[in-house]
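Trainee: My file is entry-v4.txt. It has compact mmCIF, C-alpha atoms:
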```txt
# COMPACT_ATOMS: atom_id res chain seq x y z
CA MET A 1 160.64 130.22 167.28
CA THR A 2 162.19 132.17 170.13
CA THR A 3 164.83 134.83 169.54
CA LEU A 4 167.05 136.78 171.93
CA THR A 5 169.59 139.50 171.17
CA LEU A 6 172.07 139.81 174.01
CA PRO A 7 175.25 141.79 174.74
CA ALA A 8 178.65 140.19 175.15
CA PRO A 9 180.65 142.80 177.09
CA ALA A 10 184.41 143.32 177.13
CA LYS A 11 186.66 143.30 180.18
CA LEU A 12 189.79 145.12 181.22
CA ASN A 13 192.53 143.70 183.42
CA ARG A 14 192.99 146.58 185.84
CA LEU A 15 196.04 144.67 187.10
CA LEU A 16 197.69 141.41 186.02
CA HIS A 17 200.36 139.76 188.15
CA ILE A 18 202.03 136.45 187.23
CA THR A 19 202.99 134.62 190.41
CA GLY A 20 204.27 131.30 189.10
CA ARG A 21 203.90 128.46 186.65
CA ARG A 22 202.10 125.18 187.17
CA GLU A 23 203.43 121.76 186.16
CA ASP A 24 200.96 121.68 183.26
CA GLY A 25 202.51 124.85 181.82
CA TYR A 26 199.70 127.24 182.75
CA HIS A 27 200.67 130.36 184.63
CA ARG A 28 199.33 131.33 188.06
CA LEU A 29 197.74 134.74 187.92
CA GLN A 30 196.26 137.42 190.11
CA THR A 31 194.09 139.90 188.28
CA LEU A 32 191.24 142.35 188.62
CA PHE A 33 188.68 141.85 185.87
CA GLN A 34 186.46 144.86 185.25
CA ILE A 35 183.44 144.55 182.99
CA ILE A 36 182.93 147.51 180.62
CA ASP A 37 180.01 148.58 178.46
CA LEU A 38 181.76 148.00 175.13
CA CYS A 39 179.98 144.95 173.72
CA ASP A 40 179.49 142.52 170.89
CA GLN A 41 175.85 141.62 170.21
CA LEU A 42 174.75 138.01 169.80
CA THR A 43 171.35 137.08 168.34
CA ILE A 44 170.16 133.57 169.22
CA THR A 45 167.20 131.91 167.54
CA SER A 46 166.11 128.53 168.83
CA ARG A 47 165.41 125.81 166.28
CA ASP A 48 163.91 122.35 166.66
CA ASP A 49 166.15 120.38 164.28
CA GLY A 50 169.20 120.20 166.57
CA VAL A 51 171.44 122.12 164.18
CA ILE A 52 173.93 124.67 165.53
CA GLN A 53 174.51 127.31 162.86
CA LEU A 54 176.74 130.38 163.12
CA THR A 55 175.85 132.78 160.34
CA SER A 56 178.69 135.24 161.00
CA ARG A 57 182.14 134.66 159.54
CA MET A 58 185.33 135.27 161.53
CA PRO A 59 188.45 135.81 159.40
CA GLY A 60 190.97 133.06 160.00
CA ILE A 61 188.70 130.98 162.26
CA ALA A 62 186.92 127.87 161.01
CA ALA A 63 183.28 127.72 162.08
CA ASP A 64 183.81 124.56 164.14
CA ASP A 65 186.70 126.21 166.01
CA ASN A 66 184.71 129.31 166.93
CA LEU A 67 184.10 129.56 170.67
CA ILE A 68 180.44 130.39 170.05
CA VAL A 69 179.87 127.13 168.18
CA ARG A 70 181.94 125.14 170.68
CA ALA A 71 179.97 126.63 173.58
CA ALA A 72 176.64 125.81 171.96
CA GLN A 73 177.70 122.27 171.10
CA LEU A 74 179.05 121.68 174.61
CA LEU A 75 175.83 122.86 176.28
CA GLN A 76 173.77 120.83 173.82
CA LYS A 77 175.78 117.69 174.59
CA VAL A 78 175.79 118.09 178.38
CA SER A 79 172.09 118.92 178.57
CA GLY A 80 170.95 116.29 176.08
CA THR A 81 168.56 118.75 174.45
CA ARG A 82 167.32 118.06 170.95
CA LEU A 83 167.04 121.75 170.23
CA GLY A 84 169.47 123.71 168.08
CA ALA A 85 170.14 127.36 167.42
CA THR A 86 171.01 129.89 164.75
CA LEU A 87 173.61 132.33 166.09
CA THR A 88 174.46 135.69 164.55
CA LEU A 89 177.27 137.83 165.97
CA ASP A 90 177.53 141.57 165.45
CA LYS A 91 181.23 142.00 166.20
CA THR A 92 182.54 145.21 167.78
CA LEU A 93 185.37 143.99 170.02
CA PRO A 94 188.69 143.52 168.21
CA MET A 95 189.95 139.97 167.94
CA GLY A 96 193.16 139.42 169.89
CA GLY A 97 192.77 142.72 171.70
CA GLY A 98 193.00 141.51 175.30
CA LEU A 99 189.38 142.53 175.90
CA GLY A 100 188.08 138.97 176.25
CA GLY A 101 185.78 139.20 173.23
CA GLY A 102 185.84 135.53 172.25
CA SER A 103 185.40 134.41 175.86
CA SER A 104 182.54 136.83 176.38
CA ASP A 105 180.85 135.65 173.18
CA ALA A 106 181.09 132.08 174.48
CA ALA A 107 179.68 133.09 177.88
CA THR A 108 176.74 134.91 176.28
CA THR A 109 176.11 131.80 174.18
CA LEU A 110 176.00 129.59 177.28
CA VAL A 111 173.83 131.95 179.33
CA GLY A 112 171.56 132.81 176.40
CA LEU A 113 171.00 129.23 175.29
CA ASN A 114 170.39 128.13 178.87
CA THR A 115 167.57 130.69 178.89
CA ILE A 116 166.14 130.10 175.43
CA TRP A 117 166.33 126.30 175.71
CA GLN A 118 164.92 126.47 179.29
CA LEU A 119 167.61 124.15 180.65
CA GLY A 120 167.77 125.47 184.21
CA PHE A 121 171.53 125.27 184.71
CA SER A 122 172.91 127.51 187.48
CA LEU A 123 175.57 130.13 186.76
CA ASP A 124 178.09 127.98 188.66
CA GLU A 125 177.31 125.04 186.39
CA LEU A 126 177.58 127.17 183.27
CA ALA A 127 180.87 128.67 184.50
CA ALA A 128 182.29 125.17 185.00
CA LEU A 129 181.38 124.38 181.39
CA GLY A 130 182.86 127.68 180.28
CA LEU A 131 186.19 126.88 181.91
CA GLN A 132 186.52 124.01 179.45
CA LEU A 133 186.47 126.63 176.67
CA GLY A 134 188.83 129.19 178.20
CA ALA A 135 190.03 130.61 181.51
CA ASP A 136 188.29 133.98 180.96
CA VAL A 137 184.85 132.52 180.21
CA PRO A 138 183.71 132.06 183.86
CA VAL A 139 184.00 135.76 184.77
CA PHE A 140 181.64 136.63 181.92
CA VAL A 141 179.23 133.83 182.89
CA HIS A 142 179.07 135.11 186.47
CA GLY A 143 178.79 138.64 185.16
CA HIS A 144 180.50 140.63 187.87
CA THR A 145 183.74 142.57 188.17
CA ALA A 146 186.01 140.26 190.15
CA TRP A 147 189.33 139.51 191.76
CA ALA A 148 190.70 136.35 190.13
CA GLU A 149 193.41 133.85 190.96
CA GLY A 150 194.52 130.44 189.70
CA VAL A 151 194.58 130.66 185.91
CA GLY A 152 191.92 133.35 186.24
CA GLU A 153 189.02 131.08 187.14
CA GLN A 154 188.97 131.45 190.96
CA LEU A 155 186.67 134.45 191.23
CA THR A 156 185.65 136.73 194.08
CA PRO A 157 183.16 139.48 193.14
CA VAL A 158 184.37 142.97 194.04
CA GLY A 159 183.20 146.52 193.55
CA LEU A 160 185.58 148.84 191.71
CA ASP A 161 185.38 152.47 190.70
CA THR A 162 183.54 152.98 187.42
CA PRO A 163 185.48 155.58 185.43
CA TRP A 164 185.33 156.32 181.74
CA PHE A 165 188.03 154.41 179.88
CA VAL A 166 189.81 155.29 176.67
CA ILE A 167 190.82 152.06 174.93
CA ILE A 168 193.21 152.04 171.97
CA HIS A 169 193.86 149.10 169.66
CA PRO A 170 197.13 149.83 167.80
CA GLY A 171 196.21 147.57 164.88
CA VAL A 172 198.62 144.72 165.63
CA SER A 173 197.91 141.15 166.67
CA VAL A 174 199.63 139.79 169.78
CA SER A 175 200.27 136.07 170.25
CA THR A 176 199.25 135.25 173.82
CA GLN A 177 201.15 131.96 173.58
CA ALA A 178 204.34 133.74 172.52
CA VAL A 179 204.06 136.24 175.37
CA PHE A 180 203.69 133.51 178.00
CA GLN A 181 206.58 131.54 176.48
CA ASP A 182 208.94 134.52 176.36
CA PRO A 183 211.96 133.90 178.64
CA GLN A 184 211.94 137.57 179.68
CA LEU A 185 208.39 137.42 181.06
CA THR A 186 208.07 138.15 184.78
CA ARG A 187 206.80 134.93 186.38
CA ASP A 188 207.70 135.43 190.02
CA SER A 189 205.67 138.37 191.27
CA ARG A 190 205.05 138.05 194.98
CA PRO A 191 201.40 137.10 195.59
CA ILE A 192 199.33 139.75 197.32
CA THR A 193 195.99 139.57 199.07
CA MET A 194 192.84 140.84 197.45
CA ALA A 195 192.47 143.38 200.25
CA ARG A 196 195.94 144.76 199.62
CA ALA A 197 195.31 144.98 195.89
CA LEU A 198 192.09 146.89 196.43
CA GLN A 199 193.58 149.19 199.06
CA GLY A 200 196.62 149.93 196.92
CA GLY A 201 194.46 151.25 194.12
CA ALA A 202 195.27 152.13 190.55
CA SER A 203 198.52 153.93 191.36
CA GLU A 204 200.12 150.60 192.34
CA TRP A 205 198.50 148.36 189.73
CA ARG A 206 200.57 146.95 186.88
CA ASN A 207 200.52 144.31 184.13
CA ASP A 208 203.45 141.87 184.22
CA CYS A 209 203.06 141.18 180.48
CA GLU A 210 203.55 144.81 179.53
CA ALA A 211 207.37 144.97 179.35
CA VAL A 212 207.63 141.95 177.04
CA VAL A 213 204.78 143.13 174.81
CA LYS A 214 206.24 146.64 174.49
CA GLN A 215 209.60 145.16 173.53
CA HIS A 216 208.17 143.08 170.67
CA TYR A 217 205.40 145.41 169.47
CA PRO A 218 206.61 149.00 168.95
CA ALA A 219 203.10 150.18 167.98
CA ILE A 220 201.80 149.13 171.40
CA ALA A 221 204.72 150.84 173.13
CA GLN A 222 204.02 154.04 171.18
CA ALA A 223 200.30 153.94 171.99
CA LEU A 224 201.07 153.43 175.69
CA ASP A 225 203.58 156.26 175.72
CA TRP A 226 201.11 158.61 174.03
CA LEU A 227 198.16 157.68 176.25
CA SER A 228 200.33 157.98 179.36
CA GLN A 229 200.70 161.69 178.62
CA HIS A 230 197.00 162.04 179.46
CA ALA A 231 196.56 159.56 182.35
CA PRO A 232 198.24 156.49 183.88
CA SER A 233 197.95 153.80 181.21
CA ARG A 234 198.53 150.09 180.89
CA LEU A 235 198.03 147.00 178.77
CA THR A 236 194.98 144.77 179.21
CA GLY A 237 195.67 141.04 179.18
CA THR A 238 198.48 140.33 176.73
CA GLY A 239 197.20 143.14 174.47
CA ALA A 240 197.04 144.50 171.96
CA CYS A 241 194.69 147.04 173.59
CA VAL A 242 195.91 149.69 176.02
CA PHE A 243 193.70 151.79 178.27
CA ALA A 244 193.51 154.71 180.68
CA ALA A 245 190.82 155.87 183.11
CA PHE A 246 189.20 159.32 183.19
CA GLU A 247 186.74 160.85 185.62
CA ASP A 248 184.34 162.25 183.03
CA ALA A 249 183.05 161.31 179.59
CA GLN A 250 183.91 164.64 177.99
CA THR A 251 187.63 164.31 178.74
CA ALA A 252 187.67 160.67 177.68
CA HIS A 253 186.02 161.45 174.33
CA ALA A 254 188.48 164.30 173.68
CA VAL A 255 191.45 161.99 174.28
CA ALA A 256 189.94 159.23 172.13
CA GLU A 257 189.37 161.64 169.26
CA ALA A 258 193.02 162.72 169.41
CA ALA A 259 194.29 159.12 169.39
CA GLY A 260 193.50 158.39 165.74
CA HIS A 261 197.04 157.90 164.45
CA HIS A 262 197.72 155.32 167.15
CA GLY A 263 194.89 153.00 166.07
CA SER A 264 191.19 152.48 166.70
CA ALA A 265 189.94 154.14 169.88
CA TRP A 266 186.81 153.67 171.98
CA VAL A 267 185.34 155.23 175.09
CA ALA A 268 183.68 152.79 177.51
CA ARG A 269 182.25 153.04 181.02
CA GLY A 270 183.50 150.75 183.74
CA LEU A 271 180.82 148.53 185.27
CA ASN A 272 180.50 146.19 188.22
CA THR A 273 177.68 144.06 186.77
CA SER A 274 177.38 142.75 183.25
CA PRO A 275 174.84 144.19 180.80
CA LEU A 276 174.14 140.57 179.81
CA HIS A 277 172.86 139.82 183.30
CA ASP A 278 170.99 143.12 183.44
CA ALA A 279 169.25 142.15 180.17
CA LEU A 280 168.19 138.75 181.49
CA GLY A 281 167.53 139.81 185.09
CA CYS A 282 169.92 137.24 186.53
```
For this file, produce the structure as structure tokens.
Mentor:
Amino acid sequence: MTTLTLPAPAKLNRLLHITGRREDGYHRLQTLFQIIDLCDQLTITSRDDGVIQLTSRMPGIAADDNLIVRAAQLLQKVSGTRLGATLTLDKTLPMGGGLGGGSSDAATTLVGLNTIWQLGFSLDELAALGLQLGADVPVFVHGHTAWAEGVGEQLTPVGLDTPWFVIIHPGVSVSTQAVFQDPQLTRDSRPITMARALQGGASEWRNDCEAVVKQHYPAIAQALDWLSQHAPSRLTGTGACVFAAFEDAQTAHAVAEAAGHHGSAWVARGLNTSPLHDALGC
């Protein structure tokens, strides 16, 4: 048997602009994905009976619907391998938090199984498979902070600053589908170039979902208002997590410790390369 334990890192949307809507209903986005060092941990053990087994339970998610299982089954089918795997997830990232936890878990499954099963797929090939599971999966497969367009799958690696982030989860669950269906959602932001986005910097970055989410989720609005007293703050994805950047760890930890009544709080370092890829040397 071969076993690997690998990280599945979170991401933050440093900005999120919605520039239109496609005929299939998906929204056109421009976003800056930044990888951070807050991670789930996935242990993968290869097995020779072809069975895919997830030993961890996710509340409200049937095993066959879990992105980890779906990713493993998809790679197994496409590759034709007769091998299977036992998968155990040590979950840290909040579900429905806007941190990309499920997508990252799926990406780590694809990259990890490709290694442990010795399949030889390229990252581009794995990212194409990941897109079938979710629009955020490819950025985690490629493992680099990136400018993204399309539905979030057209990626250009970039280098961003790497501050310390305070991340607060206000303890509510946001429906991504409801946010994108809300008639008040901004859908006509003028597209900008990647160069302009990077030159503009954090002072000009925004999340077009934020106004709608704040309107429907008072706890998120309150967390944003509180965190904004310490540093410019915004929503990541469709939430529920909010975040702010700080120059040093000591300040970030002090703010996180004071945030208790607004929900769970973490301190994480911004990264430009994924700890998953660092672990595997890819």
Trainee: Could you work out how far atom CA of A:Gly80 lies from atom CA of A:Ile44, giving the answer in Å with one decimal?
Mentor: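 Taking atom CA of A:Ile44 as the start and atom CA of A:Gly80 as the end point, the length is 18.6 Å.
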Trainee: Pick out the residues sitting within 12 Å of stretch 156-163 of chain A, and hand them over as a PyMOL selection string; count all atoms listed in the file, and ignore anything fewer than 5 positions along from it in its own chain.
Mentor: chain A and resi 12-14+30-37+138-140+142-150+193-195+197-199+201-202+243-252+267-274
Trainee: What separation in Å, quoted to one decimal, exists between atom CA of A:Gln154 and atom CA of A:Ser173?
Mentor: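 About the pair atom CA of A:Gln154 and atom CA of A:Ser173: they are 27.6 Å apart.
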Trainee: Could you tell me how far atom CA of A:Ser104 sits from atom CA of A:Ser46, in Å to one decimal place?
Mentor: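 Computing it gives 19.9 Å between the two atoms.
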Trainee: Find the residue from A:Leu276, A:Lys11, A:Thr115, A:Arg190 that sits nearest to A:Val242; use only C-alpha atoms when measuring.
Mentor: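 Closest to A:Val242 of all the choices is A:Lys11.
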